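In what follows, a structure is listed as structure tokens, so that the remarks can point back to it.
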Amino acid sequence: MTARFLRGTAAATLAGATALTAAACTNPGSTAGASGGPRDSAVVGIAYEPETLSPLLGYGKDGNSKIFDGLLAFDADMKLKPALATALPRIADGGLTYTYTLRDGVTFSDGAPFTAQDVVFTYRTILDPKTNNASRTELDALKSVEAVGDDTVVFHLKYPYAPFAERTVHAIAPEHVAAKQDVNTGAFTTRPVGTGPYVLTGWSKGEKLSFTANPTYWNGAPAVKKFTMAIIKDDDVRATRLRAGDLDGAVLPPNLAAGFKGDKTKKTWQAKTYDYRTVTLPTHDKVAGDTGIRRALDIAVDRQTMVDKILEGAGKPAYGPVPTDSPWFAKGTERRHDLAGAQKILDEAGWKPGPDGIRVKNGVRAAFPLWYLSGDKLRQDHALAYVSDAKKAGIDITAQAGTWEVIEPRMKTDAVLAGGGAPGDPDFDQYLLLKSSLAGDGFNNMARYDNKTVDRALDEGRRTNDLAKRRAAYDTVQRELVKNPGYTFLTHIDHLYVVDDAWDGPSTQTEPHDHGLASGPWWNVENWKPKPAGATKK
């Protein structure tokens with residue numbers, strides 16, 4: 001698992017929330033500007049901020065970066081469309097060569113021309129082992145990239161990698177700026193220059209990211225001239241500021257989003273996602289790494305009740321990283337809630353009830369800690385429900401809250417309530433989540449899952465363009481997770497947003513785990529137009 005899907009919400013302070021008043025000056029939730037003219041600014045409340053704004057370090061790798069563009073982009077239906085390229089790639093040599101023709105006349109926000117060399121620089125730098133990019137393995141198939149003149153880029157692959165085109169939504173960095181700095185620590189990581197619809201004007205860490213429309217954007221200058229992402233880590237504070245009119249929109253958990261149902265000036269958006277919550281079961285722990293314990297927990301957990309009670313119906317049970325409504329989901333791998341079955345598995349695995357009802361095997365008590373991110377109500381609620389279900393089977397799990405600084409050193413031996421998910425190809429999630437060679441590589445394979453059958457299937461799935469072979473490979477992965485689940489997958493979560501109904505243009509895509517920043521109804525804010533006065537919903 002990578003940092004992209006684990007650096008979610010953290011604890012907020014009241015001081016941090018108060019500081020956001022500056023981000024929301026002159027009541028940005030009002031329909032008209034401060035002078036009474038047409039509305040041309042928007043402020044949205046998000047739950048976290050990026051660690052970097054450099055594409056070379058992973059920012060914008062899934063598109064929607066606002067500051068940058070990729071060669072391709074996703075439309076509202078998650079279909080690929082041209083962006084910096086003029087068309088989808090020409091694929092040749094049995095899927096080993098991808099050729100892109102670039103758009104003419106595109107410039108970076110500093111006025112420098114965009115050329116093929118910027119694309120070559122971006123991808124070569126990401127692949128350089130000296131670059132601290134945790135997602136480098138996502139480009140494992142890439143052998144080389146070359147520029148043919150200023151307007152053509154050719155990618156050469158080591159093996160046919162079916163979803164390669166989807167990887168080219170990756171944001172492109174300007175060589176003339178980024179190449180002159182330390183790739184990992186240079187000013188470009190916080191003061192980027194891109195070709196996108198917006199230019200970053202300020203980043204107050206822990207408070208806000210401020211953007212202004214790029215007047216020379218190749219696809220037309222946005223009508224929303226100023227766009228601010230207010231970083232409000234506390235759910236309740238985000239809802240309060242939205243209600244007060246300081247925000248135009250915000251990402252909210254189900255219980256808080258429900259409080260706006262009667263507000264006729266606002267609209268609630270529910271985005272389908274690949275975002276899941278899961279419990280990592282560390283292979284190196286004597287209890288959590290035991291196959292009997294893992295299998296018992298997998299059916300002791302009551303997923304549907306979590307969906308009903310914690311998510312208030314805004315989601316569905318999760319049995320792996322692939323949602324049940326995905327065409328890649330392996331039918332028959334659903335696990336029903338079966339407490340008696342869980343107890344039977346533990347009995348047969350040698351875990352016998354002790355005097356206090358907690359299972360014991362060879363003198364080892366069936367107990368371990370479960371960490372969740374402090375301040376994240378959804379993770380807390382999932383963790384507590386999991387603890388309760390496990391206790392009924394005789395497994396004593398202790399839920400503990402902490403920051404990532406506290407949790408990270410403990411990930412090898414302690415369970416973590418984690419999150420993840422990426423739309424599109426099954427390789428995107430499963431390889432980083434389950435490949436044994438990535439165990440302990442930052443947030444990749446947090447459970448240090450080690451299954452040779454899964455390793456082979458993951459390699460087979462990413463090294464062929466044959467659809468039948470790929471389906472068979474990912475079917476194998478999902479069925480192996482039933483036999484030995486290194487993670488207990490709990491729910492897939494729909495994302496809820498409440499937005500002022502004063503704009504034409506907001507919509508939702510199928511979203512990844514990361515949301516509120518690149519995703520959300522403002523994924524296409526550059527296309528928003530203000531509604532005429534009085535045109536909000538009735």
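Starting from 1 in every chain, residues are counted up; chains themselves are A, B, ... following the order of the structure tokens, and ligands are numbered from 1 as listed.
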Counting only C-alpha atoms, which residues in segment 233-342 of chain A sit no more than 9 Å from segment 440-449 of chain A? For each one, give the nearest pair of atoms and the distance in Å, sorted by chain then residue number, as a tab-separated table.
```
residue	atom	partner	partner_atom	distance
A:Val279	CA	A:Ala447	CA	8.8
A:Thr280	CA	A:Ala447	CA	5.1
A:Leu281	CA	A:Ala447	CA	5.4
A:Pro282	CA	A:Ala447	CA	4.3
A:Thr283	CA	A:Arg448	CA	5.8
A:His284	CA	A:Arg448	CA	7.9
A:Gly289	CA	A:Ala447	CA	8.8
```
Next, write the just-selected residues to a file, as an mmCIF file, in the first residue's frame, keeping all heavy atoms as the atom set.
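To be explicit, this is the file written out as out17.cif:
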```
data_model
loop_
_atom_site.group_PDB
_atom_site.id
_atom_site.type_symbol
_atom_site.label_atom_id
_atom_site.label_comp_id
_atom_site.auth_asym_id
_atom_site.auth_seq_id
_atom_site.Cartn_x
_atom_site.Cartn_y
_atom_site.Cartn_z
ATOM 1 N N VAL A 279 -8.381 -4.162 7.549
ATOM 2 C CA VAL A 279 -7.500 -4.356 8.698
ATOM 3 C C VAL A 279 -6.298 -5.169 8.232
ATOM 4 O O VAL A 279 -6.457 -6.267 7.688
ATOM 5 C CB VAL A 279 -8.215 -5.089 9.852
ATOM 6 C CG1 VAL A 279 -7.230 -5.416 10.977
ATOM 7 C CG2 VAL A 279 -9.369 -4.247 10.382
ATOM 8 N N THR A 280 -5.109 -4.635 8.416
ATOM 9 C CA THR A 280 -3.896 -5.379 8.065
ATOM 10 C C THR A 280 -3.627 -6.413 9.148
ATOM 11 O O THR A 280 -3.752 -6.129 10.341
ATOM 12 C CB THR A 280 -2.684 -4.439 7.942
ATOM 13 O OG1 THR A 280 -2.313 -3.956 9.231
ATOM 14 C CG2 THR A 280 -2.998 -3.260 7.026
ATOM 15 N N LEU A 281 -3.267 -7.623 8.745
ATOM 16 C CA LEU A 281 -2.969 -8.709 9.685
ATOM 17 C C LEU A 281 -1.510 -9.113 9.479
ATOM 18 O O LEU A 281 -1.202 -9.933 8.611
ATOM 19 C CB LEU A 281 -3.919 -9.881 9.450
ATOM 20 C CG LEU A 281 -5.402 -9.557 9.665
ATOM 21 C CD1 LEU A 281 -6.285 -10.719 9.236
ATOM 22 C CD2 LEU A 281 -5.678 -9.200 11.133
ATOM 23 N N PRO A 282 -0.584 -8.516 10.240
ATOM 24 C CA PRO A 282 0.843 -8.695 9.995
ATOM 25 C C PRO A 282 1.289 -10.150 10.028
ATOM 26 O O PRO A 282 1.024 -10.877 10.994
ATOM 27 C CB PRO A 282 1.501 -7.894 11.124
ATOM 28 C CG PRO A 282 0.455 -6.944 11.571
ATOM 29 C CD PRO A 282 -0.847 -7.635 11.369
ATOM 30 N N THR A 283 1.947 -10.556 8.971
ATOM 31 C CA THR A 283 2.422 -11.934 8.847
ATOM 32 C C THR A 283 3.386 -12.303 9.972
ATOM 33 O O THR A 283 3.450 -13.468 10.379
ATOM 34 C CB THR A 283 3.106 -12.117 7.473
ATOM 35 O OG1 THR A 283 2.125 -11.901 6.460
ATOM 36 C CG2 THR A 283 3.706 -13.503 7.325
ATOM 37 N N HIS A 284 4.126 -11.321 10.504
ATOM 38 C CA HIS A 284 5.144 -11.617 11.515
ATOM 39 C C HIS A 284 4.589 -11.703 12.933
ATOM 40 O O HIS A 284 5.337 -11.983 13.873
ATOM 41 C CB HIS A 284 6.258 -10.568 11.457
ATOM 42 C CG HIS A 284 7.054 -10.601 10.200
ATOM 43 N ND1 HIS A 284 6.639 -9.983 9.033
ATOM 44 C CD2 HIS A 284 8.221 -11.207 9.906
ATOM 45 C CE1 HIS A 284 7.532 -10.188 8.091
ATOM 46 N NE2 HIS A 284 8.502 -10.928 8.580
ATOM 47 N N GLY A 289 -0.827 -13.312 12.256
ATOM 48 C CA GLY A 289 -0.248 -14.013 11.123
ATOM 49 C C GLY A 289 -0.684 -15.462 11.008
ATOM 50 O O GLY A 289 -0.338 -16.145 10.038
#
```
Query raised in the report: Can you tell me, as an MDAnalysis selection string, what residues are no more than 7 Å from segment 489-505 of chain A when counting only C-alpha atoms, ignoring any on the same chain fewer than 3 positions away?
Result: chainID A and resid 31 248:254 257 265:279 303 307 314:320 323 527:531 536:537
Identify, on the basis of only C-alpha atoms, every residue whose closest approach to segment 117-122 of chain A does not exceed 8 Å; exclude the query and any residue fewer than 3 positions from it along the same chain; express the result as an mmCIF file with N, CA, C and O atoms, in the first residue's frame.
```cif
data_model
loop_
_atom_site.group_PDB
_atom_site.id
_atom_site.type_symbol
_atom_site.label_atom_id
_atom_site.label_comp_id
_atom_site.auth_asym_id
_atom_site.auth_seq_id
_atom_site.Cartn_x
_atom_site.Cartn_y
_atom_site.Cartn_z
ATOM 1 N N PRO A 55 4.952 16.154 -9.559
ATOM 2 C CA PRO A 55 4.604 14.918 -10.268
ATOM 3 C C PRO A 55 5.732 13.894 -10.220
ATOM 4 O O PRO A 55 5.498 12.693 -10.315
ATOM 5 N N LEU A 56 6.949 14.372 -10.058
ATOM 6 C CA LEU A 56 8.106 13.472 -10.028
ATOM 7 C C LEU A 56 8.095 12.612 -8.766
ATOM 8 O O LEU A 56 8.708 11.545 -8.730
ATOM 9 N N PHE A 114 5.724 23.799 -23.868
ATOM 10 C CA PHE A 114 5.691 22.371 -23.525
ATOM 11 C C PHE A 114 6.143 21.569 -24.739
ATOM 12 O O PHE A 114 5.665 21.792 -25.854
ATOM 13 N N THR A 125 12.788 10.540 -14.862
ATOM 14 C CA THR A 125 13.095 10.929 -13.480
ATOM 15 C C THR A 125 12.341 10.057 -12.488
ATOM 16 O O THR A 125 12.885 9.659 -11.452
ATOM 17 N N ILE A 126 11.085 9.743 -12.787
ATOM 18 C CA ILE A 126 10.309 8.866 -11.902
ATOM 19 C C ILE A 126 10.975 7.503 -11.778
ATOM 20 O O ILE A 126 11.021 6.906 -10.700
ATOM 21 N N VAL A 145 11.714 5.675 -22.813
ATOM 22 C CA VAL A 145 10.847 6.674 -23.428
ATOM 23 C C VAL A 145 11.734 7.630 -24.208
ATOM 24 O O VAL A 145 12.807 8.012 -23.740
ATOM 25 N N GLU A 146 11.304 7.979 -25.398
ATOM 26 C CA GLU A 146 12.121 8.855 -26.244
ATOM 27 C C GLU A 146 11.261 9.905 -26.927
ATOM 28 O O GLU A 146 10.069 9.705 -27.182
ATOM 29 N N ALA A 147 11.906 11.051 -27.208
ATOM 30 C CA ALA A 147 11.265 12.126 -27.948
ATOM 31 C C ALA A 147 11.662 12.029 -29.406
ATOM 32 O O ALA A 147 12.838 11.820 -29.721
ATOM 33 N N ASP A 150 9.857 17.641 -31.363
ATOM 34 C CA ASP A 150 9.220 18.310 -30.225
ATOM 35 C C ASP A 150 7.802 17.835 -29.960
ATOM 36 O O ASP A 150 7.240 18.120 -28.896
ATOM 37 N N VAL A 153 6.178 11.490 -28.737
ATOM 38 C CA VAL A 153 6.810 10.714 -27.663
ATOM 39 C C VAL A 153 6.512 9.244 -27.893
ATOM 40 O O VAL A 153 5.372 8.868 -28.189
ATOM 41 N N ILE A 172 2.645 15.945 -16.070
ATOM 42 C CA ILE A 172 3.938 16.182 -16.698
ATOM 43 C C ILE A 172 4.610 17.409 -16.088
ATOM 44 O O ILE A 172 4.011 18.489 -15.979
ATOM 45 N N ALA A 173 5.868 17.255 -15.699
ATOM 46 C CA ALA A 173 6.646 18.326 -15.082
ATOM 47 C C ALA A 173 7.506 19.044 -16.120
ATOM 48 O O ALA A 173 7.907 18.446 -17.124
ATOM 49 N N PRO A 174 7.816 20.314 -15.896
ATOM 50 C CA PRO A 174 8.655 21.072 -16.828
ATOM 51 C C PRO A 174 10.144 20.813 -16.578
ATOM 52 O O PRO A 174 10.649 21.082 -15.485
ATOM 53 N N GLU A 175 10.834 20.326 -17.577
ATOM 54 C CA GLU A 175 12.258 20.036 -17.413
ATOM 55 C C GLU A 175 13.048 21.308 -17.095
ATOM 56 O O GLU A 175 13.972 21.287 -16.273
#
```
Report task. Per DSSP on the backbone, filter segment 216-464 of chain A down to the residues in strand (DSSP E) and report them as a PyMOL selection string. Result -> chain A and resi 226-231+249-252+266-271+276-280+315-317+352-353+359-361+364-365+367-373+396-402+415-420
Query - Residues of segment 427-508 of chain A in helix (DSSP H, G or I), written as a ChimeraX atom specification - result: /A:427-434,436-438,452-462,467-483
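A straight line drawn from atom CA of Pro485 of chain A to atom CA of Pro353 of chain A is 22.4 Å long.
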**Report entry** Nearby residues (only C-alpha atoms) at most 8 Å from Val169 of chain A, same-chain spacing under 3 positions excluded, as a PyMOL selection string
**Finding:** chain A and resi 61-63+69-74+165-166
Query raised in the report: Do you know which residues are at most 10 Å from Pro215 of chain A counting only C-alpha atoms, after dropping those on the same chain fewer than 6 positions away, and could you put them as a PyMOL selection string?
Result: chain A and resi 109+197-199+221-222+225
Create the file for the chosen residues now, containing all heavy atoms and written as a PDB file, in the first residue's frame.
```
ATOM      1  N   SER A 109       2.818  27.546 -17.191  1.00  0.00           N
ATOM      2  CA  SER A 109       2.278  28.797 -16.650  1.00  0.00           C
ATOM      3  C   SER A 109       3.315  29.912 -16.580  1.00  0.00           C
ATOM      4  O   SER A 109       2.955  31.080 -16.424  1.00  0.00           O
ATOM      5  CB  SER A 109       1.681  28.551 -15.257  1.00  0.00           C
ATOM      6  OG  SER A 109       2.654  28.040 -14.371  1.00  0.00           O
ATOM      7  N   PRO A 197      -5.071  23.985 -15.694  1.00  0.00           N
ATOM      8  CA  PRO A 197      -6.033  25.091 -15.702  1.00  0.00           C
ATOM      9  C   PRO A 197      -5.832  26.094 -14.571  1.00  0.00           C
ATOM     10  O   PRO A 197      -6.351  27.199 -14.624  1.00  0.00           O
ATOM     11  CB  PRO A 197      -7.381  24.389 -15.582  1.00  0.00           C
ATOM     12  CG  PRO A 197      -7.077  23.085 -14.913  1.00  0.00           C
ATOM     13  CD  PRO A 197      -5.726  22.692 -15.419  1.00  0.00           C
ATOM     14  N   TYR A 198      -5.073  25.692 -13.533  1.00  0.00           N
ATOM     15  CA  TYR A 198      -4.851  26.581 -12.400  1.00  0.00           C
ATOM     16  C   TYR A 198      -3.369  26.701 -12.061  1.00  0.00           C
ATOM     17  O   TYR A 198      -2.569  25.800 -12.326  1.00  0.00           O
ATOM     18  CB  TYR A 198      -5.633  26.105 -11.172  1.00  0.00           C
ATOM     19  CG  TYR A 198      -7.114  26.373 -11.308  1.00  0.00           C
ATOM     20  CD1 TYR A 198      -7.956  25.410 -11.864  1.00  0.00           C
ATOM     21  CD2 TYR A 198      -7.654  27.597 -10.938  1.00  0.00           C
ATOM     22  CE1 TYR A 198      -9.313  25.665 -12.028  1.00  0.00           C
ATOM     23  CE2 TYR A 198      -9.011  27.861 -11.105  1.00  0.00           C
ATOM     24  CZ  TYR A 198      -9.826  26.893 -11.656  1.00  0.00           C
ATOM     25  OH  TYR A 198     -11.159  27.171 -11.831  1.00  0.00           O
ATOM     26  N   VAL A 199      -3.035  27.848 -11.469  1.00  0.00           N
ATOM     27  CA  VAL A 199      -1.677  28.136 -11.011  1.00  0.00           C
ATOM     28  C   VAL A 199      -1.718  28.253  -9.496  1.00  0.00           C
ATOM     29  O   VAL A 199      -2.588  28.950  -8.943  1.00  0.00           O
ATOM     30  CB  VAL A 199      -1.156  29.459 -11.625  1.00  0.00           C
ATOM     31  CG1 VAL A 199       0.235  29.785 -11.098  1.00  0.00           C
ATOM     32  CG2 VAL A 199      -1.164  29.380 -13.144  1.00  0.00           C
ATOM     33  N   ALA A 221      -9.514  29.545 -20.480  1.00  0.00           N
ATOM     34  CA  ALA A 221      -9.391  30.012 -19.101  1.00  0.00           C
ATOM     35  C   ALA A 221     -10.657  29.686 -18.310  1.00  0.00           C
ATOM     36  O   ALA A 221     -11.770  29.902 -18.786  1.00  0.00           O
ATOM     37  CB  ALA A 221      -9.142  31.517 -19.086  1.00  0.00           C
ATOM     38  N   PRO A 222     -10.530  29.138 -17.094  1.00  0.00           N
ATOM     39  CA  PRO A 222     -11.700  28.789 -16.276  1.00  0.00           C
ATOM     40  C   PRO A 222     -12.516  30.007 -15.864  1.00  0.00           C
ATOM     41  O   PRO A 222     -11.982  31.102 -15.680  1.00  0.00           O
ATOM     42  CB  PRO A 222     -11.071  28.122 -15.043  1.00  0.00           C
ATOM     43  CG  PRO A 222      -9.724  27.657 -15.493  1.00  0.00           C
ATOM     44  CD  PRO A 222      -9.272  28.681 -16.482  1.00  0.00           C
ATOM     45  N   LYS A 225     -12.245  31.932 -11.231  1.00  0.00           N
ATOM     46  CA  LYS A 225     -10.935  32.581 -11.307  1.00  0.00           C
ATOM     47  C   LYS A 225     -10.054  32.296 -10.097  1.00  0.00           C
ATOM     48  O   LYS A 225      -8.832  32.235 -10.213  1.00  0.00           O
ATOM     49  CB  LYS A 225     -11.103  34.099 -11.462  1.00  0.00           C
ATOM     50  CG  LYS A 225     -11.894  34.511 -12.697  1.00  0.00           C
ATOM     51  CD  LYS A 225     -11.255  33.984 -13.978  1.00  0.00           C
ATOM     52  CE  LYS A 225     -12.035  34.411 -15.216  1.00  0.00           C
ATOM     53  NZ  LYS A 225     -11.505  33.782 -16.451  1.00  0.00           N
TER      54      LYS A 225
END
```
What lies within 9 Å of Thr464 of chain A using only C-alpha atoms, ignoring chain neighbours under 4 positions off, as a PDB file with C-alpha atoms, in the first residue's frame?
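Done, and the output landed in part.pdb:
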```pdb
ATOM      1  CA  TYR A 159       6.250  -6.617 -21.701  1.00  0.00           C
ATOM      2  CA  PRO A 160       2.658  -6.014 -22.864  1.00  0.00           C
ATOM      3  CA  TYR A 161       1.058  -4.100 -20.011  1.00  0.00           C
ATOM      4  CA  ALA A 162      -2.644  -3.793 -20.749  1.00  0.00           C
ATOM      5  CA  ASP A 459       2.906 -11.146 -12.451  1.00  0.00           C
ATOM      6  CA  GLU A 460       0.787 -13.037 -14.968  1.00  0.00           C
ATOM      7  CA  LYS A 469      -5.584 -14.843 -18.976  1.00  0.00           C
ATOM      8  CA  ARG A 470      -5.851 -11.639 -16.995  1.00  0.00           C
TER       9      ARG A 470
END
```
Query raised in the report: Neighbours of segment 512-524 of chain A within 7 Å (only C-alpha atoms; same-chain residues fewer than 2 positions away dropped), as a ChimeraX atom specification?
Result: /A:4-5,46-47,64-65,251,273-275,419-423,506-508,526-527
Save the residues we just selected, N, CA, C and O atoms, as a compact mmCIF listing (two decimals), in the first residue's frame?
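The result, stored in again21.txt:
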```txt
# COMPACT_ATOMS: atom_id res chain seq x y z
N ARG A 4 -0.22 7.28 -0.77
CA ARG A 4 -1.36 7.96 -1.38
C ARG A 4 -2.66 7.50 -0.77
O ARG A 4 -3.62 8.23 -0.71
N PHE A 5 -2.76 6.20 -0.32
CA PHE A 5 -4.05 5.77 0.15
C PHE A 5 -4.10 5.60 1.65
O PHE A 5 -5.05 5.14 2.19
N ILE A 46 -11.52 20.32 2.43
CA ILE A 46 -11.01 18.96 2.25
C ILE A 46 -10.42 18.46 3.57
O ILE A 46 -10.17 19.25 4.48
N ALA A 47 -10.19 17.16 3.65
CA ALA A 47 -9.80 16.56 4.92
C ALA A 47 -8.29 16.40 5.10
O ALA A 47 -7.83 16.16 6.21
N ASN A 64 -6.23 14.75 -12.63
CA ASN A 64 -6.96 15.74 -11.83
C ASN A 64 -6.08 16.53 -10.86
O ASN A 64 -6.48 16.80 -9.73
N SER A 65 -4.89 16.93 -11.30
CA SER A 65 -4.01 17.66 -10.38
C SER A 65 -4.29 19.16 -10.33
O SER A 65 -3.81 19.84 -9.44
N VAL A 251 -16.25 17.73 1.72
CA VAL A 251 -16.41 16.29 1.85
C VAL A 251 -16.83 16.01 3.30
O VAL A 251 -16.25 16.57 4.23
N THR A 273 -17.13 4.58 -5.51
CA THR A 273 -15.68 4.56 -5.34
C THR A 273 -15.12 3.13 -5.34
O THR A 273 -15.87 2.15 -5.31
N TYR A 274 -13.80 3.09 -5.36
CA TYR A 274 -13.06 1.86 -5.08
C TYR A 274 -12.46 1.92 -3.67
O TYR A 274 -11.67 1.07 -3.28
N ASP A 275 -12.84 2.92 -2.91
CA ASP A 275 -12.26 3.18 -1.60
C ASP A 275 -12.72 2.14 -0.58
O ASP A 275 -13.91 2.00 -0.32
N GLY A 419 -6.80 2.15 4.59
CA GLY A 419 -7.70 2.42 3.48
C GLY A 419 -6.95 2.38 2.17
O GLY A 419 -5.73 2.53 2.13
N GLY A 420 -7.66 2.15 1.08
CA GLY A 420 -7.02 2.13 -0.23
C GLY A 420 -8.07 2.04 -1.32
O GLY A 420 -9.27 2.06 -1.05
N GLY A 421 -7.60 1.94 -2.54
CA GLY A 421 -8.51 1.76 -3.66
C GLY A 421 -8.20 2.67 -4.82
O GLY A 421 -7.97 3.86 -4.64
N ALA A 422 -8.18 2.09 -6.04
CA ALA A 422 -7.96 2.87 -7.26
C ALA A 422 -8.85 2.31 -8.36
O ALA A 422 -8.83 1.12 -8.62
N PRO A 423 -9.64 3.17 -9.00
CA PRO A 423 -10.49 2.70 -10.10
C PRO A 423 -9.65 2.22 -11.27
O PRO A 423 -8.48 2.57 -11.41
N PRO A 506 -20.82 20.91 -11.66
CA PRO A 506 -20.35 19.86 -10.74
C PRO A 506 -20.91 18.48 -11.12
O PRO A 506 -22.05 18.36 -11.56
N SER A 507 -20.09 17.47 -10.94
CA SER A 507 -20.50 16.07 -11.17
C SER A 507 -19.50 15.20 -10.43
O SER A 507 -18.57 15.71 -9.79
N THR A 508 -19.69 13.91 -10.47
CA THR A 508 -18.75 13.01 -9.81
C THR A 508 -18.24 11.95 -10.78
O THR A 508 -18.90 11.62 -11.76
N GLU A 526 -12.67 23.60 -13.37
CA GLU A 526 -12.32 24.50 -14.47
C GLU A 526 -13.45 24.65 -15.48
O GLU A 526 -13.44 25.59 -16.29
N ASN A 527 -14.46 23.75 -15.42
CA ASN A 527 -15.60 23.83 -16.34
C ASN A 527 -16.85 24.41 -15.68
O ASN A 527 -17.90 24.51 -16.32
```
Query - Shortest interatomic distance to Val322 of chain A - which of A:Gly45, A:Pro113, A:Pro426, A:Gly461, counting only C-alpha atoms - result: A:Pro426
